[in-house]
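Data file: final_2.tsv. Format and content: TSV, N, CA and C atoms.
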```
chain	number	residue	atom	x	y	z
A	1	MET	N	42.17	-25.28	43.02
A	1	MET	CA	41.94	-26.34	42.06
A	1	MET	C	42.37	-27.66	42.70
A	2	ASP	N	41.47	-28.63	42.69
A	2	ASP	CA	41.74	-29.94	43.28
A	2	ASP	C	42.44	-30.83	42.26
A	3	LEU	N	43.67	-31.23	42.55
A	3	LEU	CA	44.43	-32.06	41.63
A	3	LEU	C	44.36	-33.54	41.96
A	4	ALA	N	43.63	-33.89	43.02
A	4	ALA	CA	43.51	-35.29	43.41
A	4	ALA	C	42.70	-36.06	42.38
A	5	PRO	N	43.03	-37.33	42.16
A	5	PRO	CA	42.24	-38.13	41.23
A	5	PRO	C	40.79	-38.26	41.71
A	6	ALA	N	39.89	-38.34	40.76
A	6	ALA	CA	38.47	-38.50	41.04
A	6	ALA	C	37.90	-39.53	40.09
A	7	LEU	N	36.79	-40.11	40.48
A	7	LEU	CA	36.12	-41.11	39.65
A	7	LEU	C	35.23	-40.40	38.63
A	8	TYR	N	35.42	-40.74	37.35
A	8	TYR	CA	34.64	-40.13	36.27
A	8	TYR	C	33.90	-41.19	35.48
A	9	ARG	N	32.73	-40.79	34.99
A	9	ARG	CA	31.94	-41.62	34.06
A	9	ARG	C	31.79	-40.81	32.78
A	10	ILE	N	32.21	-41.41	31.67
A	10	ILE	CA	32.18	-40.74	30.37
A	10	ILE	C	31.30	-41.57	29.44
A	11	ARG	N	30.24	-40.96	28.91
A	11	ARG	CA	29.29	-41.65	28.03
A	11	ARG	C	29.56	-41.23	26.59
A	12	ILE	N	29.71	-42.25	25.72
A	12	ILE	CA	30.01	-42.04	24.31
A	12	ILE	C	28.94	-42.73	23.48
A	13	ASN	N	28.50	-42.07	22.42
A	13	ASN	CA	27.50	-42.64	21.54
A	13	ASN	C	28.09	-43.82	20.76
A	14	GLY	N	27.37	-44.93	20.72
A	14	GLY	CA	27.80	-46.10	19.96
A	14	GLY	C	28.49	-47.14	20.82
A	15	HIS	N	28.65	-48.32	20.26
A	15	HIS	CA	29.36	-49.40	20.93
A	15	HIS	C	30.80	-49.39	20.46
A	16	LEU	N	31.72	-49.13	21.37
A	16	LEU	CA	33.14	-49.11	21.00
A	16	LEU	C	33.70	-50.53	21.01
A	17	GLY	N	34.47	-50.85	19.99
A	17	GLY	CA	35.10	-52.16	19.90
A	17	GLY	C	36.41	-52.21	20.67
A	18	ALA	N	37.01	-53.39	20.68
A	18	ALA	CA	38.23	-53.63	21.45
A	18	ALA	C	39.37	-52.73	21.00
A	19	MET	N	39.48	-52.48	19.69
A	19	MET	CA	40.59	-51.66	19.20
A	19	MET	C	40.47	-50.22	19.71
A	20	VAL	N	39.27	-49.65	19.64
A	20	VAL	CA	39.09	-48.29	20.12
A	20	VAL	C	39.24	-48.24	21.64
A	21	LEU	N	38.69	-49.23	22.34
A	21	LEU	CA	38.79	-49.25	23.80
A	21	LEU	C	40.24	-49.35	24.27
A	22	SER	N	41.12	-49.91	23.44
A	22	SER	CA	42.53	-50.01	23.84
A	22	SER	C	43.17	-48.63	23.99
A	23	ALA	N	42.53	-47.59	23.46
A	23	ALA	CA	43.04	-46.23	23.62
A	23	ALA	C	42.75	-45.67	25.01
A	24	PHE	N	41.96	-46.40	25.80
A	24	PHE	CA	41.56	-45.93	27.14
A	24	PHE	C	41.87	-47.00	28.20
A	25	PRO	N	43.15	-47.33	28.40
A	25	PRO	CA	43.50	-48.43	29.31
A	25	PRO	C	43.12	-48.17	30.77
A	26	ALA	N	42.98	-46.91	31.16
A	26	ALA	CA	42.65	-46.59	32.56
A	26	ALA	C	41.14	-46.62	32.81
A	27	MET	N	40.36	-46.88	31.78
A	27	MET	CA	38.90	-46.81	31.89
A	27	MET	C	38.28	-48.19	31.75
A	28	ALA	N	37.25	-48.47	32.55
A	28	ALA	CA	36.51	-49.73	32.47
A	28	ALA	C	35.26	-49.49	31.62
A	29	PRO	N	35.09	-50.24	30.52
A	29	PRO	CA	33.92	-50.03	29.66
A	29	PRO	C	32.70	-50.82	30.11
A	30	GLN	N	31.54	-50.24	29.86
A	30	GLN	CA	30.25	-50.91	30.01
A	30	GLN	C	29.39	-50.43	28.86
A	31	TRP	N	28.42	-51.24	28.46
A	31	TRP	CA	27.54	-50.85	27.38
A	31	TRP	C	26.13	-50.72	27.92
A	32	HIS	N	25.53	-49.57	27.65
A	32	HIS	CA	24.17	-49.26	28.10
A	32	HIS	C	23.38	-48.83	26.87
A	33	GLY	N	22.51	-49.70	26.39
A	33	GLY	CA	21.74	-49.38	25.19
A	33	GLY	C	22.69	-49.14	24.03
A	34	ALA	N	22.54	-48.01	23.38
A	34	ALA	CA	23.36	-47.67	22.22
A	34	ALA	C	24.63	-46.93	22.61
A	35	HIS	N	24.95	-46.85	23.90
A	35	HIS	CA	26.09	-46.07	24.36
A	35	HIS	C	27.15	-46.95	25.02
A	36	THR	N	28.38	-46.45	24.98
A	36	THR	CA	29.47	-47.05	25.75
A	36	THR	C	29.77	-46.09	26.90
A	37	VAL	N	29.89	-46.64	28.10
A	37	VAL	CA	30.20	-45.84	29.28
A	37	VAL	C	31.57	-46.26	29.80
A	38	LEU	N	32.47	-45.30	29.88
A	38	LEU	CA	33.81	-45.54	30.41
A	38	LEU	C	33.88	-44.96	31.81
A	39	THR	N	34.38	-45.75	32.76
A	39	THR	CA	34.49	-45.30	34.14
A	39	THR	C	35.92	-45.53	34.62
A	40	GLY	N	36.48	-44.52	35.31
A	40	GLY	CA	37.83	-44.68	35.80
A	40	GLY	C	38.24	-43.56	36.73
A	41	LEU	N	39.28	-43.82	37.49
A	41	LEU	CA	39.86	-42.85	38.42
A	41	LEU	C	40.90	-42.04	37.66
A	42	LEU	N	40.65	-40.74	37.52
A	42	LEU	CA	41.51	-39.88	36.71
A	42	LEU	C	41.83	-38.59	37.45
A	43	ASP	N	43.07	-38.12	37.32
A	43	ASP	CA	43.37	-36.76	37.78
A	43	ASP	C	43.01	-35.83	36.61
A	44	ARG	N	43.11	-34.53	36.84
A	44	ARG	CA	42.68	-33.57	35.81
A	44	ARG	C	43.43	-33.76	34.49
A	45	SER	N	44.73	-33.97	34.57
A	45	SER	CA	45.53	-34.15	33.36
A	45	SER	C	45.09	-35.40	32.59
A	46	ALA	N	44.87	-36.49	33.30
A	46	ALA	CA	44.43	-37.73	32.65
A	46	ALA	C	43.03	-37.56	32.05
A	47	LEU	N	42.15	-36.85	32.75
A	47	LEU	CA	40.81	-36.59	32.22
A	47	LEU	C	40.91	-35.84	30.90
A	48	TYR	N	41.71	-34.78	30.87
A	48	TYR	CA	41.87	-34.01	29.63
A	48	TYR	C	42.49	-34.87	28.53
A	49	GLY	N	43.39	-35.77	28.89
A	49	GLY	CA	43.98	-36.69	27.91
A	49	GLY	C	42.94	-37.62	27.32
A	50	VAL	N	42.06	-38.16	28.16
A	50	VAL	CA	40.98	-39.03	27.68
A	50	VAL	C	40.05	-38.24	26.76
A	51	LEU	N	39.69	-37.02	27.15
A	51	LEU	CA	38.80	-36.20	26.33
A	51	LEU	C	39.46	-35.86	24.98
A	52	ALA	N	40.76	-35.59	25.00
A	52	ALA	CA	41.48	-35.30	23.76
A	52	ALA	C	41.50	-36.53	22.85
A	53	GLU	N	41.66	-37.71	23.44
A	53	GLU	CA	41.67	-38.95	22.66
A	53	GLU	C	40.30	-39.22	22.05
A	54	ILE	N	39.24	-38.94	22.81
A	54	ILE	CA	37.87	-39.09	22.29
A	54	ILE	C	37.69	-38.18	21.07
A	55	GLU	N	38.16	-36.95	21.18
A	55	GLU	CA	38.05	-36.01	20.05
A	55	GLU	C	38.89	-36.48	18.87
A	56	ALA	N	40.13	-36.91	19.13
A	56	ALA	CA	41.03	-37.34	18.06
A	56	ALA	C	40.47	-38.54	17.30
A	57	LEU	N	39.75	-39.40	18.00
A	57	LEU	CA	39.16	-40.58	17.36
A	57	LEU	C	37.82	-40.26	16.68
A	58	GLY	N	37.35	-39.03	16.84
A	58	GLY	CA	36.09	-38.64	16.21
A	58	GLY	C	34.87	-39.26	16.86
A	59	LEU	N	34.98	-39.58	18.15
A	59	LEU	CA	33.85	-40.19	18.86
A	59	LEU	C	32.85	-39.12	19.28
A	60	ASP	N	31.61	-39.52	19.42
A	60	ASP	CA	30.53	-38.60	19.79
A	60	ASP	C	30.36	-38.61	21.32
A	61	LEU	N	30.97	-37.65	22.00
A	61	LEU	CA	30.91	-37.53	23.45
A	61	LEU	C	29.53	-37.03	23.86
A	62	LEU	N	28.88	-37.76	24.75
A	62	LEU	CA	27.55	-37.39	25.20
A	62	LEU	C	27.54	-36.77	26.59
A	63	GLU	N	28.43	-37.26	27.48
A	63	GLU	CA	28.35	-36.82	28.88
A	63	GLU	C	29.65	-37.14	29.60
A	64	VAL	N	30.01	-36.24	30.52
A	64	VAL	CA	31.13	-36.45	31.43
A	64	VAL	C	30.63	-36.12	32.82
A	65	ARG	N	30.75	-37.05	33.76
A	65	ARG	CA	30.32	-36.82	35.14
A	65	ARG	C	31.43	-37.19	36.11
A	66	GLN	N	31.60	-36.35	37.12
A	66	GLN	CA	32.48	-36.71	38.22
A	66	GLN	C	31.59	-37.36	39.26
A	67	LEU	N	31.94	-38.57	39.66
A	67	LEU	CA	31.12	-39.33	40.60
A	67	LEU	C	31.54	-39.06	42.03
A	68	THR	N	30.59	-39.20	42.94
A	68	THR	CA	30.87	-39.08	44.37
A	68	THR	C	31.50	-40.38	44.84
A	69	PRO	N	32.06	-40.43	46.04
A	69	PRO	CA	32.67	-41.67	46.54
A	69	PRO	C	31.71	-42.85	46.56
A	70	GLU	N	30.41	-42.61	46.65
A	70	GLU	CA	29.43	-43.69	46.64
A	70	GLU	C	29.18	-44.22	45.23
A	71	GLY	N	29.79	-43.59	44.21
A	71	GLY	CA	29.64	-44.04	42.84
A	71	GLY	C	28.49	-43.42	42.09
A	72	LYS	N	27.80	-42.46	42.72
A	72	LYS	CA	26.69	-41.79	42.06
A	72	LYS	C	27.09	-40.36	41.77
A	73	SER	N	26.54	-39.82	40.71
A	73	SER	CA	26.80	-38.41	40.42
A	73	SER	C	25.70	-37.59	41.06
A	74	PRO	N	25.97	-36.34	41.39
A	74	PRO	CA	24.93	-35.49	41.96
A	74	PRO	C	23.77	-35.39	40.98
A	75	GLY	N	22.58	-35.67	41.46
A	75	GLY	CA	21.41	-35.57	40.61
A	75	GLY	C	21.37	-36.65	39.55
A	76	SER	N	22.00	-37.80	39.79
A	76	SER	CA	22.05	-38.86	38.81
A	76	SER	C	20.65	-39.19	38.30
A	77	GLY	N	20.51	-39.21	36.99
A	77	GLY	CA	19.22	-39.50	36.39
A	77	GLY	C	18.40	-38.26	36.14
A	78	ASP	N	18.83	-37.13	36.64
A	78	ASP	CA	18.12	-35.88	36.47
A	78	ASP	C	18.66	-35.19	35.22
A	79	SER	N	17.78	-34.77	34.33
A	79	SER	CA	18.23	-34.16	33.08
A	79	SER	C	18.95	-32.84	33.32
A	80	CYS	N	18.84	-32.28	34.51
A	80	CYS	CA	19.52	-31.02	34.82
A	80	CYS	C	20.78	-31.25	35.63
A	81	SER	N	21.27	-32.48	35.69
A	81	SER	CA	22.48	-32.79	36.45
A	81	SER	C	23.65	-32.01	35.90
A	82	PRO	N	24.59	-31.63	36.78
A	82	PRO	CA	25.75	-30.87	36.30
A	82	PRO	C	26.66	-31.73	35.45
A	83	LEU	N	27.18	-31.17	34.39
A	83	LEU	CA	28.13	-31.83	33.53
A	83	LEU	C	29.44	-31.09	33.62
A	84	ARG	N	30.53	-31.79	33.44
A	84	ARG	CA	31.84	-31.16	33.45
A	84	ARG	C	32.11	-30.58	32.07
A	85	PRO	N	32.58	-29.33	31.98
A	85	PRO	CA	32.87	-28.75	30.67
A	85	PRO	C	34.10	-29.40	30.05
A	86	LEU	N	34.13	-29.41	28.73
A	86	LEU	CA	35.28	-29.92	28.01
A	86	LEU	C	36.39	-28.88	28.03
A	87	PRO	N	37.64	-29.31	27.88
A	87	PRO	CA	38.72	-28.34	27.80
A	87	PRO	C	38.54	-27.48	26.55
A	88	SER	N	39.09	-26.27	26.57
A	88	SER	CA	38.93	-25.39	25.42
A	88	SER	C	39.51	-26.06	24.18
A	89	GLY	N	38.81	-25.89	23.09
A	89	GLY	CA	39.24	-26.51	21.84
A	89	GLY	C	38.59	-27.84	21.59
A	90	ALA	N	38.06	-28.51	22.62
A	90	ALA	CA	37.39	-29.78	22.44
A	90	ALA	C	35.97	-29.50	21.97
A	91	SER	N	35.44	-30.41	21.18
A	91	SER	CA	34.09	-30.20	20.69
A	91	SER	C	33.28	-31.47	20.82
A	92	SER	N	31.99	-31.31	20.86
A	92	SER	CA	31.07	-32.43	20.93
A	92	SER	C	29.76	-31.97	20.34
A	93	SER	N	29.01	-32.89	19.78
A	93	SER	CA	27.72	-32.52	19.21
A	93	SER	C	26.64	-32.47	20.28
A	94	SER	N	26.95	-32.92	21.49
A	94	SER	CA	25.94	-32.90	22.56
A	94	SER	C	26.03	-31.59	23.34
A	95	GLU	N	24.96	-31.28	24.07
A	95	GLU	CA	24.95	-30.07	24.89
A	95	GLU	C	25.79	-30.29	26.13
A	96	ARG	N	26.44	-29.21	26.59
A	96	ARG	CA	27.21	-29.26	27.82
A	96	ARG	C	26.82	-28.06	28.65
A	97	THR	N	26.94	-28.21	29.96
A	97	THR	CA	26.71	-27.09	30.86
A	97	THR	C	28.05	-26.49	31.21
A	98	SER	N	28.20	-25.20	31.06
A	98	SER	CA	29.45	-24.55	31.42
A	98	SER	C	29.31	-23.97	32.82
A	99	PRO	N	30.42	-23.65	33.48
A	99	PRO	CA	30.35	-23.10	34.83
A	99	PRO	C	29.47	-21.85	34.90
A	100	SER	N	29.49	-21.03	33.87
A	100	SER	CA	28.69	-19.81	33.89
A	100	SER	C	27.20	-20.09	33.75
A	101	GLU	N	26.85	-21.32	33.30
A	101	GLU	CA	25.45	-21.68	33.15
A	101	GLU	C	24.97	-22.51	34.33
A	102	GLY	N	25.73	-22.57	35.38
A	102	GLY	CA	25.30	-23.28	36.58
A	102	GLY	C	25.92	-24.65	36.74
A	103	GLY	N	26.81	-25.05	35.83
A	103	GLY	CA	27.49	-26.34	35.97
A	103	GLY	C	28.64	-26.20	36.94
A	104	ARG	N	29.27	-27.32	37.26
A	104	ARG	CA	30.42	-27.29	38.15
A	104	ARG	C	31.66	-27.01	37.35
A	105	PRO	N	32.63	-26.30	37.91
A	105	PRO	CA	33.88	-26.01	37.18
A	105	PRO	C	34.67	-27.24	36.92
```
Translate the structure described by the file into structure tokens.
Amino acid sequence: MDLAPALYRIRINGHLGAMVLSAFPAMAPQWHGAHTVLTGLLDRSALYGVLAEIEALGLDLLEVRQLTPEGKSPGSGDSCSPLRPLPSGASSSSERTSPSEGGRP
């Protein structure tokens, strides 16, 4: 298991305001259409903390991607791109790929 920090892009449905964004100080927000995209360097523990905060706030998580050093995710723009699974107990209304379905662990 790689514990080194990695760059992640997290897509959330809706435009998050300043108050909600203050819950994610390690993440840089951008707005793309009707979505808010948070990008930041996170280790596994911090990633799970961000995902737990998204769930606690009742936000609609759409996508989590680990980016390559060039800032692109594998298969970026491809509807079959691998997604990172949520920690057990986390929920989202969007589809996720699990490791057993061909996603990355």
My list of candidates is A:Leu51, A:Val20, A:Ala26, A:Ala56. Which is closest to Leu38 of chain A when distances are computed with all atoms listed in the file?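 Of all the options, A:Ala26 lies closest to Leu38 of chain A.
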Would you work out the distance separating atom CA of Leu61 of chain A from atom C of Asn13 of chain A, expressed in Å to one decimal?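 Distance reported for this atom pair: 7.4 Å.
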List as an MDAnalysis selection string: which residues have an atom within 6.5 Å of (27.6, -41.1, 28.0), counting only N, CA and C atoms? chainID A and resid 9:13 35:37 61:64
Taking all atoms of segment 9-21 of chain A that the file lists and extending 4 Å past them on each side, where is the centre of the axis-aligned box and how long are its edges? Answer in Å to one decimal, as lines of an AutoDock Vina configuration file.
```
center_x = 34.0
center_y = -47.2
center_z = 27.1
size_x = 21.2
size_y = 20.9
size_z = 23.8
```
To one decimal in Å, tell me the separation between atom N of Ala23 of chain A and atom C of Ala4 of chain A. 22.2 Å
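Atom pair atom C of His32 of chain A / atom C of Gly14 of chain A: separated by 8.1 Å.
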